[in-house]
>>> print(open('data17.cif').read())   # mmCIF, C-alpha atoms and all ligand atoms
data_run
loop_
_atom_site.label_atom_id
_atom_site.label_comp_id
_atom_site.auth_asym_id
_atom_site.auth_seq_id
_atom_site.Cartn_x
_atom_site.Cartn_y
_atom_site.Cartn_z
CA MET A 1 -21.09 -57.56 -41.40
CA SER A 2 -18.60 -57.91 -38.55
CA GLN A 3 -15.71 -58.56 -40.99
CA ILE A 4 -16.34 -55.17 -42.56
CA LEU A 5 -16.19 -53.38 -39.20
CA PRO A 6 -16.03 -54.91 -35.70
CA GLN A 7 -19.30 -54.77 -33.76
CA ASP A 8 -17.83 -52.51 -31.07
CA GLN A 9 -16.90 -49.96 -33.73
CA ILE A 10 -20.35 -50.24 -35.31
CA ASP A 11 -21.88 -49.58 -31.89
CA ALA A 12 -19.55 -46.63 -31.30
CA TRP A 13 -20.43 -45.09 -34.69
CA GLN A 14 -24.15 -45.60 -34.04
CA GLU A 15 -23.83 -43.77 -30.74
CA LYS A 16 -21.76 -40.95 -32.23
CA LEU A 17 -24.00 -40.50 -35.27
CA ALA A 18 -27.19 -40.55 -33.16
CA ASP A 19 -25.91 -37.43 -31.39
CA HIS A 20 -24.80 -35.70 -34.57
CA GLN A 21 -27.04 -33.08 -36.13
CA HIS A 22 -25.72 -33.73 -39.67
CA PRO A 23 -24.51 -37.35 -39.83
CA MET A 24 -23.44 -37.05 -43.47
CA GLU A 25 -20.64 -34.72 -42.35
CA LEU A 26 -19.00 -37.86 -40.93
CA ALA A 27 -19.57 -40.01 -44.02
CA VAL A 28 -15.93 -39.96 -45.12
CA ASP A 29 -14.79 -40.78 -41.57
CA VAL A 30 -17.12 -43.79 -41.52
CA LEU A 31 -15.79 -44.95 -44.89
CA ARG A 32 -12.22 -44.45 -43.71
CA ALA A 33 -12.91 -46.52 -40.58
CA ILE A 34 -14.25 -49.32 -42.77
CA GLN A 35 -11.26 -49.03 -45.08
CA HIS A 36 -8.83 -48.97 -42.15
CA HIS A 37 -10.30 -52.23 -40.82
CA HIS A 38 -11.02 -54.05 -44.08
CA GLY A 39 -8.27 -52.63 -46.33
CA TRP A 40 -10.75 -51.27 -48.86
CA VAL A 41 -14.49 -50.52 -49.07
CA PRO A 42 -16.55 -53.35 -50.59
CA ASP A 43 -20.25 -53.07 -51.49
CA GLU A 44 -21.12 -54.38 -48.01
CA GLY A 45 -19.11 -51.50 -46.57
CA VAL A 46 -21.08 -48.96 -48.59
CA GLU A 47 -24.32 -50.59 -47.38
CA LEU A 48 -23.15 -50.58 -43.77
CA ALA A 49 -22.09 -46.92 -44.01
CA ALA A 50 -25.47 -46.02 -45.52
CA ARG A 51 -27.30 -47.77 -42.66
CA LEU A 52 -25.16 -46.04 -40.04
CA LEU A 53 -25.57 -42.64 -41.69
CA GLY A 54 -29.30 -43.03 -42.33
CA THR A 55 -28.94 -42.51 -46.06
CA THR A 56 -28.95 -44.52 -49.27
CA PRO A 57 -26.09 -46.67 -50.58
CA LEU A 58 -26.18 -44.51 -53.73
CA LYS A 59 -25.36 -41.35 -51.76
CA VAL A 60 -22.50 -43.13 -49.98
CA GLU A 61 -21.28 -44.53 -53.30
CA GLU A 62 -21.18 -41.01 -54.76
CA LEU A 63 -18.87 -39.93 -51.93
CA ALA A 64 -16.78 -43.11 -51.99
CA THR A 65 -16.03 -42.72 -55.69
CA PHE A 66 -15.39 -38.97 -55.41
CA TYR A 67 -12.62 -39.21 -52.80
CA ASP A 68 -9.50 -40.69 -54.32
CA LYS A 69 -8.25 -42.07 -51.01
CA ILE A 70 -11.30 -44.29 -50.59
CA TYR A 71 -10.66 -47.54 -52.44
CA ARG A 72 -13.61 -49.47 -53.86
CA ARG A 73 -11.41 -52.30 -55.05
CA PRO A 74 -8.75 -54.30 -53.19
CA VAL A 75 -5.40 -52.53 -52.95
CA GLY A 76 -1.94 -53.49 -51.75
CA ARG A 77 -0.73 -52.92 -48.21
CA ARG A 78 0.65 -49.57 -49.35
CA VAL A 79 -0.82 -47.36 -52.05
CA ILE A 80 1.60 -45.22 -54.07
CA ARG A 81 -0.07 -42.24 -55.71
CA LEU A 82 2.30 -40.91 -58.33
CA CYS A 83 1.69 -37.38 -59.60
CA ASP A 84 1.22 -37.17 -63.35
CA SER A 85 0.45 -33.45 -63.57
CA ILE A 86 2.39 -30.79 -65.43
CA CYS A 87 5.16 -29.78 -62.98
CA CYS A 88 6.08 -33.37 -62.22
CA TRP A 89 5.80 -34.37 -65.87
CA SER A 90 8.11 -31.51 -66.90
CA ARG A 91 10.69 -32.50 -64.27
CA GLY A 92 11.15 -36.13 -65.21
CA GLY A 93 7.89 -37.62 -63.98
CA GLU A 94 7.66 -39.95 -66.97
CA ASP A 95 11.05 -41.48 -66.19
CA ILE A 96 10.06 -41.86 -62.53
CA ALA A 97 6.79 -43.56 -63.56
CA ALA A 98 8.67 -45.92 -65.87
CA TYR A 99 11.19 -46.78 -63.14
CA LEU A 100 8.51 -47.42 -60.51
CA GLN A 101 6.53 -49.65 -62.88
CA LYS A 102 9.65 -51.63 -63.77
CA LYS A 103 10.78 -51.93 -60.16
CA LEU A 104 7.38 -53.05 -58.88
CA GLY A 105 6.67 -55.22 -61.92
CA ILE A 106 3.28 -53.62 -62.50
CA THR A 107 1.70 -50.90 -64.59
CA LEU A 108 -0.23 -47.94 -63.26
CA GLY A 109 -3.47 -49.11 -61.65
CA GLU A 110 -2.09 -52.51 -60.65
CA THR A 111 -0.98 -54.19 -57.42
CA SER A 112 2.34 -56.01 -57.08
CA SER A 113 2.12 -59.81 -56.98
CA ASP A 114 3.20 -59.90 -53.32
CA GLY A 115 0.41 -57.48 -52.40
CA ALA A 116 2.88 -54.94 -51.04
CA PHE A 117 2.17 -51.98 -53.33
CA THR A 118 -0.58 -50.57 -55.52
CA LEU A 119 0.57 -47.91 -57.98
CA LEU A 120 -1.94 -45.26 -58.98
CA PRO A 121 -1.60 -42.12 -61.10
CA SER A 122 -2.75 -38.98 -59.34
CA CYS A 123 -3.38 -35.38 -60.27
CA CYS A 124 -1.27 -32.66 -58.62
CA LEU A 125 -0.37 -33.60 -55.05
CA GLY A 126 0.25 -29.96 -54.12
CA ALA A 127 4.01 -30.42 -54.00
CA CYS A 128 4.92 -28.83 -57.35
CA GLY A 129 7.98 -27.15 -55.79
CA GLU A 130 9.31 -30.63 -55.00
CA ALA A 131 8.40 -32.21 -58.32
CA PRO A 132 8.45 -35.02 -59.22
CA ALA A 133 6.43 -36.25 -56.27
CA MET A 134 4.45 -39.22 -54.99
CA MET A 135 2.54 -40.14 -51.85
CA ILE A 136 2.64 -43.45 -50.04
CA GLY A 137 -0.39 -43.54 -47.81
CA LEU A 138 -0.57 -40.02 -46.42
CA LYS A 139 3.20 -39.38 -46.60
CA LEU A 140 4.53 -37.15 -49.36
CA HIS A 141 7.85 -37.86 -51.06
CA GLY A 142 9.28 -35.16 -53.34
CA ASN A 143 12.35 -34.49 -55.47
CA LEU A 144 12.20 -38.08 -56.64
CA THR A 145 15.11 -39.77 -58.33
CA VAL A 146 15.57 -43.48 -58.97
CA GLU A 147 17.98 -43.58 -56.04
CA ARG A 148 15.44 -41.96 -53.74
CA ILE A 149 12.75 -44.36 -54.89
CA ASP A 150 14.98 -47.31 -54.00
CA GLN A 151 15.55 -45.84 -50.53
CA ILE A 152 11.88 -45.00 -49.98
CA LEU A 153 10.59 -48.41 -51.04
CA ALA A 154 13.21 -50.13 -48.90
CA ALA A 155 12.12 -48.04 -45.91
CA GLU A 156 8.45 -48.75 -46.64
CA GLY A 157 8.88 -52.47 -46.23
CA GLY A 158 11.53 -53.76 -48.55
CA GLU A 159 11.53 -54.65 -52.15
CA ALA A 160 8.13 -55.34 -53.64
CA ARG A 161 9.43 -58.48 -55.30
CA PRO A 162 11.69 -61.12 -53.77
S1 LIG A 201 2.33 -31.23 -60.51
FE1 LIG A 201 3.11 -32.87 -59.32
S2 LIG A 201 2.83 -32.15 -57.27
FE2 LIG A 201 1.97 -30.59 -58.49
#
>>> encode(input="data17.cif", output="structure tokens")
Amino acid sequence: MSQILPQDQIDAWQEKLADHQHPMELAVDVLRAIQHHHGWVPDEGVELAARLLGTTPLKVEELATFYDKIYRRPVGRRVIRLCDSICCWSRGGEDIAAYLQKKLGITLGETSSDGAFTLLPSCCLGACGEAPAMMIGLKLHGNLTVERIDQILAAEGGEARP
């Protein structure tokens, strides 16, 4: 289980959760710690979180699949969440989606062959005034154009493909 989360972190979570009146309040934080270390949350991560939280894997799984920033499958080093809701769609979101897919060489839901980027559709990111918008990790990028996408991807670690 140490590959999922280092033993010192497991010990720290056990200590923290033992003192917590409602451990489930920290369930997402535990999942995020696992994801931060492992890159995503495999079944073993759900089982470890359940043991730490004193609950069932099913309850942890319900949370893990509810939160769209918890990944239950492997993802690239950076996850792009591209808004496909109405404001972005009406301001050129489809063209932006097409450009991103072409540039990364993947369709929505896939990871680039070099493992650099995963591209996911997302409902409204709360940046309708800056539509079209996307998030890379926790950073929001609005007023997207193809030129801005080129700049953003270059700044995020270079081209996805050699
Ligand atoms: S509709 Fe795209 S950010 Fe709201």
>>> closest_atom_pairs(input="data17.cif", of="chain A", to="ligand LIG 201 (chain A)", cutoff="12 Å", atoms="all atoms listed in the file", output="JSON lines")
{"residue": "A:Arg81", "atom": "CA", "partner": "A:LIG201", "partner_atom": "FE1", "distance": 10.5}
{"residue": "A:Leu82", "atom": "CA", "partner": "A:LIG201", "partner_atom": "FE1", "distance": 8.1}
{"residue": "A:Cys83", "atom": "CA", "partner": "A:LIG201", "partner_atom": "FE1", "distance": 4.7}
{"residue": "A:Asp84", "atom": "CA", "partner": "A:LIG201", "partner_atom": "FE1", "distance": 6.2}
{"residue": "A:Ser85", "atom": "CA", "partner": "A:LIG201", "partner_atom": "S1", "distance": 4.2}
{"residue": "A:Ile86", "atom": "CA", "partner": "A:LIG201", "partner_atom": "S1", "distance": 4.9}
{"residue": "A:Cys87", "atom": "CA", "partner": "A:LIG201", "partner_atom": "S1", "distance": 4.0}
{"residue": "A:Cys88", "atom": "CA", "partner": "A:LIG201", "partner_atom": "FE1", "distance": 4.2}
{"residue": "A:Trp89", "atom": "CA", "partner": "A:LIG201", "partner_atom": "S1", "distance": 7.1}
{"residue": "A:Ser90", "atom": "CA", "partner": "A:LIG201", "partner_atom": "S1", "distance": 8.6}
{"residue": "A:Arg91", "atom": "CA", "partner": "A:LIG201", "partner_atom": "FE1", "distance": 9.1}
{"residue": "A:Gly92", "atom": "CA", "partner": "A:LIG201", "partner_atom": "FE1", "distance": 10.5}
{"residue": "A:Gly93", "atom": "CA", "partner": "A:LIG201", "partner_atom": "FE1", "distance": 8.2}
{"residue": "A:Glu94", "atom": "CA", "partner": "A:LIG201", "partner_atom": "FE1", "distance": 11.4}
{"residue": "A:Ile96", "atom": "CA", "partner": "A:LIG201", "partner_atom": "FE1", "distance": 11.8}
{"residue": "A:Pro121", "atom": "CA", "partner": "A:LIG201", "partner_atom": "FE1", "distance": 10.5}
{"residue": "A:Ser122", "atom": "CA", "partner": "A:LIG201", "partner_atom": "FE1", "distance": 8.5}
{"residue": "A:Cys123", "atom": "CA", "partner": "A:LIG201", "partner_atom": "FE1", "distance": 7.0}
{"residue": "A:Cys124", "atom": "CA", "partner": "A:LIG201", "partner_atom": "FE2", "distance": 3.8}
{"residue": "A:Leu125", "atom": "CA", "partner": "A:LIG201", "partner_atom": "S2", "distance": 4.2}
{"residue": "A:Gly126", "atom": "CA", "partner": "A:LIG201", "partner_atom": "S2", "distance": 4.6}
{"residue": "A:Ala127", "atom": "CA", "partner": "A:LIG201", "partner_atom": "S2", "distance": 3.9}
{"residue": "A:Cys128", "atom": "CA", "partner": "A:LIG201", "partner_atom": "FE2", "distance": 3.6}
{"residue": "A:Gly129", "atom": "CA", "partner": "A:LIG201", "partner_atom": "S2", "distance": 7.3}
{"residue": "A:Glu130", "atom": "CA", "partner": "A:LIG201", "partner_atom": "S2", "distance": 7.0}
{"residue": "A:Ala131", "atom": "CA", "partner": "A:LIG201", "partner_atom": "FE1", "distance": 5.4}
{"residue": "A:Pro132", "atom": "CA", "partner": "A:LIG201", "partner_atom": "FE1", "distance": 5.8}
{"residue": "A:Ala133", "atom": "CA", "partner": "A:LIG201", "partner_atom": "S2", "distance": 5.5}
{"residue": "A:Met134", "atom": "CA", "partner": "A:LIG201", "partner_atom": "S2", "distance": 7.6}
{"residue": "A:Met135", "atom": "CA", "partner": "A:LIG201", "partner_atom": "S2", "distance": 9.7}
{"residue": "A:Leu140", "atom": "CA", "partner": "A:LIG201", "partner_atom": "S2", "distance": 9.5}
{"residue": "A:His141", "atom": "CA", "partner": "A:LIG201", "partner_atom": "S2", "distance": 9.8}
{"residue": "A:Gly142", "atom": "CA", "partner": "A:LIG201", "partner_atom": "S2", "distance": 8.1}
{"residue": "A:Asn143", "atom": "CA", "partner": "A:LIG201", "partner_atom": "S2", "distance": 10.0}
{"residue": "A:Leu144", "atom": "CA", "partner": "A:LIG201", "partner_atom": "FE1", "distance": 10.8}
>>> residues_around(input="data17.cif", residues="region 49-57 of chain A", least_positions_apart="3", cutoff="8 Å", atoms="all atoms listed in the file", output="PDB file with C-alpha atoms, in the frame of the given file")
ATOM      1  CA  ILE A  10     -20.350 -50.240 -35.310  1.00  0.00           C
ATOM      2  CA  TRP A  13     -20.430 -45.090 -34.690  1.00  0.00           C
ATOM      3  CA  GLN A  14     -24.150 -45.600 -34.040  1.00  0.00           C
ATOM      4  CA  LEU A  17     -24.000 -40.500 -35.270  1.00  0.00           C
ATOM      5  CA  PRO A  23     -24.510 -37.350 -39.830  1.00  0.00           C
ATOM      6  CA  MET A  24     -23.440 -37.050 -43.470  1.00  0.00           C
ATOM      7  CA  ALA A  27     -19.570 -40.010 -44.020  1.00  0.00           C
ATOM      8  CA  VAL A  30     -17.120 -43.790 -41.520  1.00  0.00           C
ATOM      9  CA  LEU A  31     -15.790 -44.950 -44.890  1.00  0.00           C
ATOM     10  CA  GLY A  45     -19.110 -51.500 -46.570  1.00  0.00           C
ATOM     11  CA  VAL A  46     -21.080 -48.960 -48.590  1.00  0.00           C
ATOM     12  CA  VAL A  60     -22.500 -43.130 -49.980  1.00  0.00           C
ATOM     13  CA  GLU A  61     -21.280 -44.530 -53.300  1.00  0.00           C
TER      14      GLU A  61
END
>>> residues_around(input="data17.cif", residues="Thr65 (chain A)", least_positions_apart="3", cutoff="12 Å", atoms="all atoms listed in the file", output="list in words")
Val28, Leu31, Val41, Pro42, Asp43, Val46, Pro57, Leu58, Lys59, Val60, Glu61, Glu62, Asp68, Lys69, Ile70, Tyr71, Arg72 and Arg73 of chain A
>>> atom_distance(input="data17.cif", atom1="CA of His37 (chain A)", atom2="CA of Ile4 (chain A)")
6.9 Å
>>> residues_around(input="data17.cif", residues="Gly76 (chain A)", least_positions_apart="5", cutoff="9 Å", atoms="all atoms listed in the file", output="JSON, numbers by chain")
{"A": [39, 110, 111, 112, 114, 115, 116, 117, 118, 119]}
>>> atom_distance(input="data17.cif", atom1="CA of Pro74 (chain A)", atom2="CA of Gln9 (chain A)")
21.5 Å
>>> closest_residue(input="data17.cif", among="A:Asp150, A:His38, A:Val75, A:Pro6", to="Lys102 (chain A)", atoms="all atoms listed in the file")
A:Asp150
>>> closest_residue(input="data17.cif", among="A:Ile80, A:Thr145, A:Gln21, A:Asp95", to="Leu108 (chain A)", atoms="only C-alpha atoms")
A:Ile80
>>> closest_residue(input="data17.cif", among="A:Ala18, A:Leu5, A:Ile149, A:Leu63", to="Tyr99 (chain A)", atoms="only C-alpha atoms")
A:Ile149
>>> closest_residue(input="data17.cif", among="A:Glu156, A:Asp19, A:Asp11, A:Glu47", to="Arg77 (chain A)", atoms="all atoms listed in the file")
A:Glu156
>>> atom_distance(input="data17.cif", atom1="CA of Leu104 (chain A)", atom2="CA of Arg32 (chain A)")
26.2 Å
>>> axis_aligned_box(input="data17.cif", around="region 13-31 of chain A", padding_each_side="8 Å", output="AutoDock Vina command-line options")
--center_x -21.0 --center_y -39.3 --center_z -37.9 --size_x 28.4 --size_y 28.5 --size_z 30.4
>>> closest_residue(input="data17.cif", among="A:Gln35, A:Trp40, A:Val146, A:Leu48", to="Gln101 (chain A)", atoms="only C-alpha atoms")
A:Val146
>>> build_atoms(input="data17.cif", residues="region 130-158 of chain A", atoms="N, CA and C atoms", output="PDB file, in the coordinates of the input")
ATOM      1  N   GLU A 130       8.456 -29.466 -55.254  1.00  0.00           N
ATOM      2  CA  GLU A 130       9.310 -30.630 -55.000  1.00  0.00           C
ATOM      3  C   GLU A 130       9.134 -31.684 -56.075  1.00  0.00           C
ATOM      4  N   ALA A 131       8.650 -31.266 -57.235  1.00  0.00           N
ATOM      5  CA  ALA A 131       8.400 -32.210 -58.320  1.00  0.00           C
ATOM      6  C   ALA A 131       9.701 -32.868 -58.780  1.00  0.00           C
ATOM      7  N   PRO A 132       9.620 -34.144 -59.216  1.00  0.00           N
ATOM      8  CA  PRO A 132       8.450 -35.020 -59.220  1.00  0.00           C
ATOM      9  C   PRO A 132       8.159 -35.610 -57.837  1.00  0.00           C
ATOM     10  N   ALA A 133       6.859 -35.879 -57.614  1.00  0.00           N
ATOM     11  CA  ALA A 133       6.430 -36.250 -56.270  1.00  0.00           C
ATOM     12  C   ALA A 133       5.474 -37.444 -56.295  1.00  0.00           C
ATOM     13  N   MET A 134       5.433 -38.137 -55.161  1.00  0.00           N
ATOM     14  CA  MET A 134       4.450 -39.220 -54.990  1.00  0.00           C
ATOM     15  C   MET A 134       4.061 -39.259 -53.510  1.00  0.00           C
ATOM     16  N   MET A 135       2.955 -39.915 -53.237  1.00  0.00           N
ATOM     17  CA  MET A 135       2.540 -40.140 -51.850  1.00  0.00           C
ATOM     18  C   MET A 135       2.432 -41.632 -51.618  1.00  0.00           C
ATOM     19  N   ILE A 136       2.888 -42.076 -50.462  1.00  0.00           N
ATOM     20  CA  ILE A 136       2.640 -43.450 -50.040  1.00  0.00           C
ATOM     21  C   ILE A 136       1.792 -43.341 -48.786  1.00  0.00           C
ATOM     22  N   GLY A 137       0.559 -43.817 -48.889  1.00  0.00           N
ATOM     23  CA  GLY A 137      -0.390 -43.540 -47.810  1.00  0.00           C
ATOM     24  C   GLY A 137      -0.592 -42.042 -47.754  1.00  0.00           C
ATOM     25  N   LEU A 138      -0.384 -41.468 -46.560  1.00  0.00           N
ATOM     26  CA  LEU A 138      -0.570 -40.020 -46.420  1.00  0.00           C
ATOM     27  C   LEU A 138       0.771 -39.287 -46.406  1.00  0.00           C
ATOM     28  N   LYS A 139       1.880 -40.011 -46.664  1.00  0.00           N
ATOM     29  CA  LYS A 139       3.200 -39.380 -46.600  1.00  0.00           C
ATOM     30  C   LYS A 139       3.675 -38.961 -47.987  1.00  0.00           C
ATOM     31  N   LEU A 140       4.075 -37.703 -48.088  1.00  0.00           N
ATOM     32  CA  LEU A 140       4.530 -37.150 -49.360  1.00  0.00           C
ATOM     33  C   LEU A 140       6.037 -37.348 -49.522  1.00  0.00           C
ATOM     34  N   HIS A 141       6.433 -37.729 -50.740  1.00  0.00           N
ATOM     35  CA  HIS A 141       7.850 -37.860 -51.060  1.00  0.00           C
ATOM     36  C   HIS A 141       8.111 -37.025 -52.317  1.00  0.00           C
ATOM     37  N   GLY A 142       9.000 -36.030 -52.207  1.00  0.00           N
ATOM     38  CA  GLY A 142       9.280 -35.160 -53.340  1.00  0.00           C
ATOM     39  C   GLY A 142      10.709 -35.292 -53.826  1.00  0.00           C
ATOM     40  N   ASN A 143      11.014 -34.488 -54.860  1.00  0.00           N
ATOM     41  CA  ASN A 143      12.350 -34.490 -55.470  1.00  0.00           C
ATOM     42  C   ASN A 143      12.800 -35.917 -55.778  1.00  0.00           C
ATOM     43  N   LEU A 144      11.919 -36.665 -56.406  1.00  0.00           N
ATOM     44  CA  LEU A 144      12.200 -38.080 -56.640  1.00  0.00           C
ATOM     45  C   LEU A 144      13.284 -38.296 -57.686  1.00  0.00           C
ATOM     46  N   THR A 145      14.134 -39.241 -57.381  1.00  0.00           N
ATOM     47  CA  THR A 145      15.110 -39.770 -58.330  1.00  0.00           C
ATOM     48  C   THR A 145      15.011 -41.289 -58.205  1.00  0.00           C
ATOM     49  N   VAL A 146      15.635 -42.020 -59.109  1.00  0.00           N
ATOM     50  CA  VAL A 146      15.570 -43.480 -58.970  1.00  0.00           C
ATOM     51  C   VAL A 146      16.235 -43.927 -57.665  1.00  0.00           C
ATOM     52  N   GLU A 147      17.297 -43.209 -57.292  1.00  0.00           N
ATOM     53  CA  GLU A 147      17.980 -43.580 -56.040  1.00  0.00           C
ATOM     54  C   GLU A 147      17.051 -43.371 -54.844  1.00  0.00           C
ATOM     55  N   ARG A 148      16.355 -42.235 -54.853  1.00  0.00           N
ATOM     56  CA  ARG A 148      15.440 -41.960 -53.740  1.00  0.00           C
ATOM     57  C   ARG A 148      14.297 -42.969 -53.698  1.00  0.00           C
ATOM     58  N   ILE A 149      13.823 -43.363 -54.854  1.00  0.00           N
ATOM     59  CA  ILE A 149      12.750 -44.360 -54.890  1.00  0.00           C
ATOM     60  C   ILE A 149      13.221 -45.670 -54.265  1.00  0.00           C
ATOM     61  N   ASP A 150      14.436 -46.084 -54.610  1.00  0.00           N
ATOM     62  CA  ASP A 150      14.980 -47.310 -54.000  1.00  0.00           C
ATOM     63  C   ASP A 150      15.001 -47.189 -52.479  1.00  0.00           C
ATOM     64  N   GLN A 151      15.469 -46.028 -51.988  1.00  0.00           N
ATOM     65  CA  GLN A 151      15.550 -45.840 -50.530  1.00  0.00           C
ATOM     66  C   GLN A 151      14.156 -45.846 -49.901  1.00  0.00           C
ATOM     67  N   ILE A 152      13.231 -45.133 -50.541  1.00  0.00           N
ATOM     68  CA  ILE A 152      11.880 -45.000 -49.980  1.00  0.00           C
ATOM     69  C   ILE A 152      11.183 -46.361 -49.929  1.00  0.00           C
ATOM     70  N   LEU A 153      11.260 -47.113 -51.020  1.00  0.00           N
ATOM     71  CA  LEU A 153      10.590 -48.410 -51.040  1.00  0.00           C
ATOM     72  C   LEU A 153      11.228 -49.371 -50.035  1.00  0.00           C
ATOM     73  N   ALA A 154      12.546 -49.286 -49.893  1.00  0.00           N
ATOM     74  CA  ALA A 154      13.210 -50.130 -48.900  1.00  0.00           C
ATOM     75  C   ALA A 154      12.709 -49.776 -47.494  1.00  0.00           C
ATOM     76  N   ALA A 155      12.580 -48.469 -47.228  1.00  0.00           N
ATOM     77  CA  ALA A 155      12.120 -48.040 -45.910  1.00  0.00           C
ATOM     78  C   ALA A 155      10.646 -48.372 -45.690  1.00  0.00           C
ATOM     79  N   GLU A 156       9.889 -48.469 -46.749  1.00  0.00           N
ATOM     80  CA  GLU A 156       8.450 -48.750 -46.640  1.00  0.00           C
ATOM     81  C   GLU A 156       8.150 -50.241 -46.513  1.00  0.00           C
ATOM     82  N   GLY A 157       9.175 -51.059 -46.430  1.00  0.00           N
ATOM     83  CA  GLY A 157       8.880 -52.470 -46.230  1.00  0.00           C
ATOM     84  C   GLY A 157       9.628 -53.378 -47.164  1.00  0.00           C
ATOM     85  N   GLY A 158      10.697 -52.899 -47.717  1.00  0.00           N
ATOM     86  CA  GLY A 158      11.530 -53.760 -48.550  1.00  0.00           C
ATOM     87  C   GLY A 158      11.098 -53.770 -49.988  1.00  0.00           C
TER      88      GLY A 158
END
